[in-house]
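The block underneath contains the structure these notes are about, expressed in structure tokens.
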Amino acid sequence: MSLITLTTDFGTKDHFVGAVKGAIYSELSDAKIVDITHEISPFNITETAYILKNSYKSFPDGTIHIVGVDSELSNDNKHIALELDNHFFVCPDNGLISMIASEIHPTKIVEINIHDRIESSFPVLDVFVQVACFIARGGNLTVIGKEIHSFKKMTEIQPKVNQMQNQIIGGVIYIDNYGNVISNISKKMFNDIGKGRSFKATARRYSFTKIFSKYNEITGESAHDNSQFDGSKLAIFNSAGYLEIAIYRSNLKTVGGASTLLGLGYRDSIVIEFFNDSKPTYTILN
């Protein structure tokens, strides 16, 4: 049985997701299809990269991931298939693979060349499905494309380090279902650059000098009524290992989330400044 995942910005109102699944089953009747999400913000490559990076590892080796975001073929947006970390990805070469491939280099990348036989305005259905099913049958990547050795990079995914000013300059790359704002600053980078120094993290006019590892740590050990902390802002290294600005027990329909209450949006800057104090004044709670 072949395991194929789908990550798209198609939504669920239209016929697109159903058509893709039907095409897969027509090719591989015993396939197992898993929806990672179809709610990517339209054409948002950075959001796609974040979700893909934090979901693919949960699947078994050999899983094939079809990614359909900004997938229309053009001279600047080729279609690629690659093997990386014992997984296969079929996707546009628009930078969405950057977040995964920055840490783990692909074993093999090919530029898909079956377009000579297929003219399509819906490449996820007409091209990506064929490629994924070919891989699922044990096909070699080099049969469906010419091997290449590079892929498009997205510079905005990577935060910048200003050593002269002791700063990490990052930005918002994702806003989750609770309105929590996720940056591209990883805990590893924070530790590597900060080296235990005190710091101030700034997002718009809000600043933080403490970073939690769990949301409810903001309540402390002696709190008897956690609800008194509802709506409090906090910084946390989330389960994916990235700096997140959150509102405790946020709810976009009632209390609101960090994105709305703090006015933080996609690509907004988040800056961490480190200080050369002899005694750090911050805490990372583990």
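Labels for the structure tokens follow display order: chains A, B, ..., residues from 1 in each chain, ligands from 1.
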Exercise for review: Select from range 29-259 of chain A everything DSSP, run on the backbone, classes as alpha helix (DSSP H), then give the selection as a ChimeraX atom specification.
Suggested key: /A:45-53,98-101,123,129-136,141-144,187-194,258-259
Those residues you just picked out, can you put them in a file as a short mmCIF file (atom, residue, chain, number, x, y, z; two decimals), in the first residue's frame with C-alpha atoms?
```
data_model
loop_
_atom_site.label_atom_id
_atom_site.label_comp_id
_atom_site.auth_asym_id
_atom_site.auth_seq_id
_atom_site.Cartn_x
_atom_site.Cartn_y
_atom_site.Cartn_z
CA ILE A 45 5.02 29.56 0.06
CA THR A 46 6.50 30.36 3.48
CA GLU A 47 3.43 29.02 5.26
CA THR A 48 3.64 25.88 3.15
CA ALA A 49 7.30 25.41 4.05
CA TYR A 50 6.59 25.68 7.78
CA ILE A 51 3.70 23.21 7.73
CA LEU A 52 5.56 20.73 5.54
CA LYS A 53 8.70 20.84 7.69
CA SER A 98 13.91 25.43 1.45
CA MET A 99 12.99 25.03 5.10
CA ILE A 100 13.48 21.25 5.08
CA ALA A 101 16.45 21.20 2.72
CA PRO A 123 -0.70 20.35 -12.81
CA VAL A 129 -0.47 12.63 -9.45
CA GLN A 130 1.18 10.71 -12.32
CA VAL A 131 4.64 11.31 -10.88
CA ALA A 132 3.60 10.32 -7.34
CA CYS A 133 1.96 7.12 -8.54
CA PHE A 134 5.02 6.28 -10.66
CA ILE A 135 7.24 6.66 -7.57
CA ALA A 136 4.79 4.59 -5.52
CA LEU A 141 13.16 9.54 -10.37
CA THR A 142 15.50 9.87 -13.33
CA VAL A 143 12.87 8.30 -15.59
CA ILE A 144 10.47 11.22 -15.09
CA LYS A 187 15.70 27.78 19.64
CA LYS A 188 18.99 26.40 18.30
CA MET A 189 19.88 29.74 16.68
CA PHE A 190 18.83 31.60 19.83
CA ASN A 191 21.14 29.45 21.96
CA ASP A 192 24.02 29.52 19.46
CA ILE A 193 23.99 33.31 19.13
CA GLY A 194 22.83 34.22 22.63
CA ALA A 258 -1.63 37.47 19.21
CA SER A 259 -2.12 38.27 15.54
#
```
**Study point:** range 175-283 of chain A: residues DSSP assigns to strand (DSSP E), reported as a VMD selection string
**Key:** chain A and resid 175 181 to 186 198 to 203 206 to 208 210 to 212 233 to 237 242 to 247 269 to 275 283
**Study point:** Residue neighbourhood Asn162 in chain A, 12 Å, only C-alpha atoms, exclusion window fewer than 3 positions, as a list in words
**Key:** Pro159, Gln165, Asn166, Gln167, Ile168, Ile169, Gly170, Ile193, Gly194, Val271, Ile272, Glu273 and Phe274 of chain A
**Study point:** Contact residues around Lys146 in chain A with only C-alpha atoms at 9 Å, ignoring same-chain residues under 4 positions, as a list in words
**Key:**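 Contacts, with the query itself left out: Ile109, Val110, Glu111, Ile112, Asn113, Leu141 and Thr142 of chain A.
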Just-selected residues, N, CA, C and O atoms written as a compact mmCIF listing (two decimals), in the first residue's frame:
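Written out: again.txt:
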```txt
# COMPACT_ATOMS: atom_id res chain seq x y z
N ILE A 109 17.40 15.12 -6.89
CA ILE A 109 16.38 16.06 -7.37
C ILE A 109 16.29 15.92 -8.88
O ILE A 109 17.33 15.87 -9.56
N VAL A 110 15.07 15.89 -9.41
CA VAL A 110 14.92 15.90 -10.86
C VAL A 110 13.92 16.99 -11.24
O VAL A 110 12.99 17.30 -10.49
N GLU A 111 14.14 17.58 -12.41
CA GLU A 111 13.17 18.49 -12.99
C GLU A 111 12.22 17.67 -13.84
O GLU A 111 12.64 17.03 -14.81
N ILE A 112 10.95 17.65 -13.47
CA ILE A 112 9.96 16.81 -14.16
C ILE A 112 9.83 17.24 -15.61
O ILE A 112 9.69 18.43 -15.91
N ASN A 113 9.87 16.27 -16.52
CA ASN A 113 9.84 16.61 -17.95
C ASN A 113 8.70 15.93 -18.71
O ASN A 113 8.74 15.86 -19.94
N LEU A 141 13.41 8.13 -10.08
CA LEU A 141 13.16 9.54 -10.37
C LEU A 141 13.74 9.98 -11.71
O LEU A 141 13.16 10.84 -12.39
N THR A 142 14.86 9.42 -12.10
CA THR A 142 15.50 9.87 -13.33
C THR A 142 14.70 9.51 -14.58
O THR A 142 14.98 10.05 -15.66
```
Determine, using only C-alpha atoms, which residues of range 83-158 of chain A have any atom at most 8 Å from an atom of range 57-75 of chain A, and tabulate each with its shortest atom pair and distance in Å to one decimal place, rows ordered by chain and then rising number, as JSON lines.
```
{"residue": "A:Asp85", "atom": "CA", "partner": "A:Asp61", "partner_atom": "CA", "distance": 8.0}
{"residue": "A:Asn86", "atom": "CA", "partner": "A:Asp61", "partner_atom": "CA", "distance": 5.3}
{"residue": "A:His87", "atom": "CA", "partner": "A:Gly62", "partner_atom": "CA", "distance": 5.0}
{"residue": "A:Phe88", "atom": "CA", "partner": "A:Ile64", "partner_atom": "CA", "distance": 4.7}
{"residue": "A:Phe89", "atom": "CA", "partner": "A:His65", "partner_atom": "CA", "distance": 4.7}
{"residue": "A:Val90", "atom": "CA", "partner": "A:Ile66", "partner_atom": "CA", "distance": 5.0}
{"residue": "A:Cys91", "atom": "CA", "partner": "A:Val67", "partner_atom": "CA", "distance": 4.9}
{"residue": "A:Pro92", "atom": "CA", "partner": "A:Ser71", "partner_atom": "CA", "distance": 5.2}
{"residue": "A:Asn94", "atom": "CA", "partner": "A:Asp70", "partner_atom": "CA", "distance": 7.7}
{"residue": "A:Ser121", "atom": "CA", "partner": "A:Glu72", "partner_atom": "CA", "distance": 6.9}
{"residue": "A:Phe122", "atom": "CA", "partner": "A:Glu72", "partner_atom": "CA", "distance": 7.4}
{"residue": "A:Pro123", "atom": "CA", "partner": "A:Glu72", "partner_atom": "CA", "distance": 6.6}
{"residue": "A:Val124", "atom": "CA", "partner": "A:Gly68", "partner_atom": "CA", "distance": 5.9}
{"residue": "A:Phe128", "atom": "CA", "partner": "A:Ile66", "partner_atom": "CA", "distance": 6.7}
{"residue": "A:Val129", "atom": "CA", "partner": "A:Ile66", "partner_atom": "CA", "distance": 7.7}
{"residue": "A:Ala132", "atom": "CA", "partner": "A:Ile64", "partner_atom": "CA", "distance": 6.5}
{"residue": "A:Ile135", "atom": "CA", "partner": "A:Ile64", "partner_atom": "CA", "distance": 7.8}
{"residue": "A:Ala136", "atom": "CA", "partner": "A:Ile64", "partner_atom": "CA", "distance": 7.4}
```
Check your understanding: Using only C-alpha atoms, which residue out of A:His79, A:Lys195, A:Arg205, A:Lys214 lies closest to Lys152 in chain A?
Key -> A:His79
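As for CA of Ile97 in chain A and CA of Tyr174 in chain A, they are spaced 15.6 Å apart.
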Practice item. Go through A:Ile245, A:Ile80, A:Ile114, A:Ile182 one by one, measure the shortest atom-to-atom distance of each to Arg267 in chain A using only C-alpha atoms, and give the residue with the smallest value. Key: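 So, comparing all the options, the nearest one is A:Ile182.
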